[in-house]
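Q: Structure incoming, see below.
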Amino acid sequence: MFEGRVTSGCGTDRTNPRVLGDVQGQGDFGGIAAIRVRTAGGILLLAHIAFVAWLMLRPLDVPWVMPPNLHPLAGIRADLALGWPAAVKPLGEGLGLLAPLGVLLPMAHGRLTVSPLASLLRTAAAACLISLGIALLQTGVPGRVVDVDSLLLNTAGAIVAHLLVVPAARARLRRWEPLHEGLEAEPATFQEGLSQGRTPTIPRVGIAP
């Protein structure tokens with residue numbers, strides 16, 4: 001009499017779409033989060049640029065205007081010569097006008113792993129170009145004059161905002177994302193184990209000679 005063992009090998013069913021969906025779903029969080037960050041950053045970026053354009057390109061009804069300032073730092077020195085109380089408002093307005101770009105531009109880019117220096121340079125260059133574009137458009141707006149110090153202050157404001165917010169925010173998101181993915185993976189693994197179940201085994205079955 002021969003004795004044999006009949007075993008039904010039932011491992012993970014790789015053709016089961018439910019199992020594959022559970023396993024693939026573990027990596028969806030990073031992509032969805034990146035899309036949401038890019039979308040929010042893009043919308044806020046466009047809204048801020050539209051607001052700045054509306055604010056800085058409106059015609060001004062003034063009896064006279066100052067001549068254009070094409071000498072770097074001349075306007076800043078003139079403001080500082082008036083004393084800090086009088087200089088805070090014009091300098092603060094120049095720094096704050098495009099400061100949100102320092103955060104919104106990296107948001108619209110939507111990358112967590114990027115060189116901090118490269119990100120800072122890209123942000124500064126983009127803010128400078130936007131400020132330059134506004135200054136060029138102001139040449140055709142009544143009551144507006146070109147001030148090269150505004151370009152310097154706008155770019156400096158974006159750089160300061162970038163340094164204060166973006167590196168720390170990216171580092172925090174890089175630490176938080178793997179933790180969230182791990183929490184999402186636990187229910188999926190448990191569900192996969194339930195769907196797989198135990199491997200059925202038929203013990204020894206006697207076979208007649």
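Each chain in the structure tokens gets a letter, A, B and so on, in the order shown; residues start at 1 in every chain, and ligands are counted from 1 in the order they appear.
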Compile the contact shell of Pro142 in chain A as a ChimeraX atom specification: residues with an atom at most 12 Å away, counting only C-alpha atoms, same-chain residues fewer than 5 positions apart removed.
A: /A:56-65,137
Q: List the spatial neighbours of Leu97 in chain A as a list of chain:residue names - criterion: any atom at most 8 Å away, only C-alpha atoms, same-chain residues fewer than 2 positions off excluded.
A: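 Non-adjacent residues within range: A:Val52, A:Glu93, A:Gly94, A:Leu95, A:Ala99, A:Pro100, A:Asn154, A:Gly157.
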Q: List the spatial neighbours of range 42-46 of chain A as an NGL selection string - criterion: any atom at most 9 Å away, only C-alpha atoms, same-chain residues fewer than 2 positions off excluded.
A: :A and (37-40 or 48-51 or 100-101 or 104-105 or 107-109)
Q: Report, in Å to a single decimal, how far apart CA of Ala169 in chain A and CA of Leu120 in chain A are.
A: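 CA of Ala169 in chain A lies at a distance of 13.9 Å from CA of Leu120 in chain A.
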